[in-house]
Amino acid sequence: MVLLATPGSKRTRLLQAARAQLCLPVARVLAWRDWLDQPHLLDAALDQPGVLKIEPPGDDPVAHLHLLHDGCRLLGRPPARAPEHGELLAMDAWFAGFAASLQRLSSQLTALPWARVVNAPDEICLMTDKLACQRHLAAHGLRTPALLGRVEGYDHLQALLHEHGLDRVYLKPRYGSSASGVVAYRRNRAGQQQATTTASIVAGHGAIRLFNVKRIRRHEQAADIAALVDALAAQALYAEAWLDKPRCGAGHYDLRAVAIAGQPAHRVARMGTQMMTNLHLDNLRGDTAALLDDADMAALEAAVRQAARAFPASRVAGYDMVVRRGQAHVLEANAFGDLLPGLLWNGHDTYAAQLLALHRHA
Amino acid sequence: MTISDSTTTFHNKKVVQYDPEVALDASPNLVYRLSLGYDDKHTMPDLLAGFMEKVDKSTLEALIIGMWGEPYEAGADAVIAALASHAPQLPKLRALFIGDMTYEECEISWIVQGSYKPLLDAFPQLEELRIRGGNALALDPFTHENLRKFTIESGGLDQKIAWALTESVMPRLEHLELWLGTEDYGFTGDAALYQRVLAQLATPTLRYLGLRDAQIADELAAWLANEPLLATIATLDLSLGTLGDVGAEALLRGTQLGNLKRMDLSHHYISEANQEKLGALPFAVVLDDPQEDDEDDGDVYRYVAVGE
């Protein structure tokens with residue numbers, strides 16, 4: 001097995017640990033930055049039948065900057081500076097570079113017919129474009145939150161809310177990962193509004209910069225919210241209806257379920273009192289078996305199977321869902337959604353389970 | 001994240017979400033929460049009427065009302081009127097919680113509350129009333145013979161509520177809990193006003209006094225440390241507010257805290273040295289969730305836990 005990954009990253013370590021546990025040889029790791037500079041290294045790594053797993057390039061700032069510069073070139077922009085730690089910078093350009101790299105990878109793999117991939121590059125690309133992914137899922141019959149489409153800025157957002165008759169939406173960077181830059185926005189007819197977000201806005205030196213923070217912030221002044229939305233929109237932003245999540249104690253939960261080889265496997269509730277339930281934001285894991293009744297669990301599993309059919313060339317994917325009253329809505333698909341350390345299904349973590357499935361389907 | 005006990009249990013009963021599609025569980029250890037989603041078509045009075053048809057009204061002891069329609073648009077008065085209309089058939093109802101909504105469902109300062117005199121008049125046997133939301137909350141001075149626990153949770157409590165309490169009578173009161181909040185969300189008043197509230201409502205049975213989520217926590221502490229009416233109180237709760245060293249040092253010098261069993265100061269801005277001294281007091285002092293000053297251009301900001 002070959003990993004296109006960041007050596008030493010958490011994902012790499014967890015996969016290697018699972019291989020050791022299953023008495024499989026250590027996977028060969030090809031660093032994203034090295035492949036970007038010297039694509040032939042992949043031909044050498046995959047010179048005999050084997051499996052390639054593509055992990056995200058984002059753990060390595062050098063690879064990230066490489067993709068960002070590629071994207072700027074493709075979009076005819078001057079090269080972006082290196083983002084600071086946690087900075088959200090030119091996400092649209094990064095995606096252009098990432099998409100192009102996945103296209104090159106795809107062509108390279110056609111010349112290596114003996115190599116299998118865990119997730120095919122074109123499907124990784126589709127899942128990373130969150131807006132296209134939601135449209136793709138909806139086209140395949142899955143329930144998703146109503147999509148309001150691209151948001152060009154704060155004024156456009158207000159027009160969209162008016163047009164759709166909505167007062168509560170989630171704004172998501174089209175090419176963001178996890179909760180980065182996500183804004184829960186609500187307003188009321190008394191004229192109040194509120195934006196809750198992991199994005200922090202820093203003004204200075206004539207430019208507005210965005211940073212991802214772990215402490216969720218709230219904004220209530222129109223000017224602050226407009227500056228935030230405009231800055232995020234400049235990097236590509238879309239809006240979707242805000243779904244009611246089921247309640248648990250003083251908070252709410254949504255679900256992350258992992259599909260492995262098309263079947264629902266690991267699943268966990270993400271419980272929190274904030275609008276973002278991502279597990280790195282001080283939220284709690286909850287036991288789905290205790291929270292979901294039979295109808296909800298059946299809806300969850302059916303939706304995972306159906307979503308997996310929409311991505312037939314992805315053997316491992318994570319789906320974020322709201323399941324309530326026997327209905328499952330998919331919030332997001334994640335081609336790299338298996339980073340759930342310690343979460344077991346049938347006694348195996350996500351990494352061991354996918355290795356076993358690969359082995360079964362060899 | 002903390003999940004507060006107040007929303008998993010109420011009136012010593014486990015909270016269960018009411019689902020009109022599912023048969024009711026008649027266990028006396030459960031309390032139902034009636035609540036609507038944003039995508040629901042029916043109204044809270046309809047949901048309540050449907051619940052009343054199914055439940056054994058002669059034995060119902062407690063009820064929770066959560067999201068009613070669009071609680072930031074429509075106030076609680078329609079809900080209160082609907083509850084009052086069912087009151088004659090609810091001889092055992094002892095506990096009500098009106099406005100059990102999470103931050104995600106509705107920002108506490110956006111909840112439009114209602115006028116509570118009609119509710120208190122309709123349920124003279126009520127022993128526990130919990131209200132969440134101070135916006136548009138109206139309370140005329142009242143006398144209620146049976147209330148033991150009285151709670152208002154708010155991000156900013158208007159002084160007119162406190163003034164109404166200075167003219168109200170609850171002779172059996174055991175638990176008085178008020179969330180004062182901040183000026184940004186409508187708090188008005190001062191420690192002297194709450195001194196008058198306590199002077200009016202302190203009964204020989206009062207065991208718990210909570211003045212929580214208060215921007216004026218330091219001023220409250222300075223007064224309470226030397227308040228003789230604390231003699232009967234077992235628990236003093238100044239949590240969720242902006243208590244700092246000024247309040248902490250007043251409490252350390254306090255002359256009237258000798259009968260306390262517990263003092264809850266969670267969510268505080270107290271220095272470690274003073275935390276240590278407080279920890280040495282001869283009763284339990286809860287100092288969870290320490291906060292740090294937020295400094296911006298030399299100005300120091302402190303935030304209450306709920307309301308910002």
# chains A, B, ... in the order shown; residues from 1 in each chain; ligands from 1
call {"tool": "residues_around", "arguments": {"residues": "Gly50 of chain B", "least_positions_apart": "5", "cutoff": "12 Å", "atoms": "only C-alpha atoms", "output": "tab-separated table (two decimals) with N, CA and C atoms, in the first residue's frame"}}
result
chain	number	residue	atom	x	y	z
B	18	TYR	N	-41.81	15.46	23.98
B	18	TYR	CA	-43.12	14.95	23.56
B	18	TYR	C	-43.16	14.80	22.05
B	19	ASP	N	-43.56	13.63	21.59
B	19	ASP	CA	-43.73	13.39	20.16
B	19	ASP	C	-45.17	12.94	19.95
B	20	PRO	N	-45.97	13.74	19.26
B	20	PRO	CA	-47.39	13.40	19.09
B	20	PRO	C	-47.60	12.04	18.43
B	21	GLU	N	-46.58	11.56	17.71
B	21	GLU	CA	-46.72	10.28	17.00
B	21	GLU	C	-46.45	9.08	17.90
B	23	ALA	N	-46.77	6.99	21.61
B	23	ALA	CA	-47.65	6.85	22.78
B	23	ALA	C	-46.98	7.45	24.02
B	24	LEU	N	-47.79	8.03	24.89
B	24	LEU	CA	-47.26	8.64	26.11
B	24	LEU	C	-46.83	7.58	27.11
B	34	LEU	N	-42.88	20.02	25.65
B	34	LEU	CA	-43.61	20.27	24.42
B	34	LEU	C	-42.86	21.35	23.65
B	42	HIS	N	-48.00	23.24	12.92
B	42	HIS	CA	-49.03	23.55	13.92
B	42	HIS	C	-48.52	24.52	14.99
B	43	THR	N	-49.42	24.90	15.89
B	43	THR	CA	-49.09	25.91	16.89
B	43	THR	C	-48.94	25.25	18.25
B	44	MET	N	-48.33	25.98	19.18
B	44	MET	CA	-48.17	25.44	20.53
B	44	MET	C	-49.52	25.18	21.21
B	45	PRO	N	-50.51	26.09	21.11
B	45	PRO	CA	-51.80	25.75	21.72
B	45	PRO	C	-52.40	24.45	21.15
B	55	VAL	N	-52.93	12.82	27.96
B	55	VAL	CA	-52.33	12.66	29.29
B	55	VAL	C	-53.43	12.50	30.34
B	82	ALA	N	-53.22	29.53	26.84
B	82	ALA	CA	-53.62	28.14	26.58
B	82	ALA	C	-53.44	27.30	27.84
B	86	HIS	N	-56.41	25.34	30.47
B	86	HIS	CA	-56.44	23.94	30.90
B	86	HIS	C	-56.34	23.81	32.42
call {"tool": "closest_atom_pairs", "arguments": {"of": "chain B", "to": "chain A", "cutoff": "12 Å", "atoms": "only C-alpha atoms", "output": "CSV"}}
result
residue,atom,partner,partner_atom,distance
B:Met1,CA,A:Asn283,CA,6.1
B:Thr2,CA,A:Thr273,CA,8.0
B:Ile3,CA,A:Ala250,CA,5.2
B:Ser4,CA,A:Ala250,CA,6.2
B:Asp5,CA,A:Gly249,CA,7.7
B:Ser6,CA,A:Ala250,CA,8.3
B:Thr7,CA,A:Gly249,CA,5.4
B:Thr8,CA,A:Gly249,CA,5.2
B:Thr9,CA,A:Gly249,CA,8.9
B:Phe10,CA,A:Gly249,CA,11.4
B:Lys14,CA,A:Gly249,CA,10.6
B:Val15,CA,A:Gly249,CA,8.7
B:Val16,CA,A:Gly249,CA,9.9
B:Gln17,CA,A:Arg247,CA,8.7
B:Tyr18,CA,A:Arg247,CA,11.9
B:Asp19,CA,A:Arg325,CA,9.2
B:Pro20,CA,A:Arg325,CA,11.1
B:Glu21,CA,A:Arg325,CA,9.6
B:Val22,CA,A:Arg325,CA,10.8
B:Arg33,CA,A:Arg247,CA,11.1
B:Ser35,CA,A:Arg247,CA,10.6
B:Leu36,CA,A:Asp244,CA,10.0
B:Gly37,CA,A:Asp244,CA,6.5
B:Tyr38,CA,A:Asp244,CA,6.9
B:Asp39,CA,A:Asp244,CA,7.8
B:Asp40,CA,A:Asp244,CA,10.3
B:Gly66,CA,A:Arg247,CA,11.2
B:Met67,CA,A:Asp244,CA,11.5
B:Glu70,CA,A:Asn188,CA,9.4
B:Pro71,CA,A:Asn188,CA,10.0
B:Tyr72,CA,A:Asn188,CA,6.7
B:Glu73,CA,A:Arg189,CA,6.9
B:Ala74,CA,A:Arg189,CA,10.4
B:Asp100,CA,A:Ala250,CA,9.0
B:Met101,CA,A:Ala250,CA,8.1
B:Thr102,CA,A:Ala250,CA,5.8
B:Tyr103,CA,A:Thr273,CA,6.9
B:Glu104,CA,A:Met275,CA,6.1
B:Glu105,CA,A:Asp244,CA,7.8
B:Cys106,CA,A:Arg186,CA,9.5
B:Glu107,CA,A:Gln194,CA,9.1
B:Ser109,CA,A:Gln192,CA,10.3
B:Trp110,CA,A:Gln192,CA,8.4
B:Ile111,CA,A:Asn188,CA,10.7
B:Val112,CA,A:Ala190,CA,10.6
B:Asp184,CA,A:Glu220,CA,11.2
B:Tyr185,CA,A:Glu220,CA,11.7
B:Val306,CA,A:Thr273,CA,11.9
B:Gly307,CA,A:Arg218,CA,10.9
B:Glu308,CA,A:Arg218,CA,8.2
call {"tool": "closest_residue", "arguments": {"among": "A:Leu36, A:Val322, A:Leu339, A:Ala139", "to": "His66 of chain A", "atoms": "only C-alpha atoms"}}
result
A:Leu36
call {"tool": "atom_distance", "arguments": {"atom1": "atom CA of Ala335 of chain A", "atom2": "atom CA of Ile124 of chain A"}}
result
5.4 Å
call {"tool": "residues_around", "arguments": {"residues": "segment 354-360 of chain A", "least_positions_apart": "2", "cutoff": "12 Å", "atoms": "only C-alpha atoms", "output": "PyMOL selection string"}}
result
chain A and resi 1+14-25+27+50-53+116-119+258-266+314-317+338-339+344-352+362
call {"tool": "select_by_dssp", "arguments": {"residues": "segment 7-201 of chain A", "states": "strand (DSSP E or B)", "output": "NGL selection string"}}
result
:A and (28-31 or 50-54 or 87-88 or 115-117 or 119 or 147-151 or 168-173 or 183-187 or 193-201)
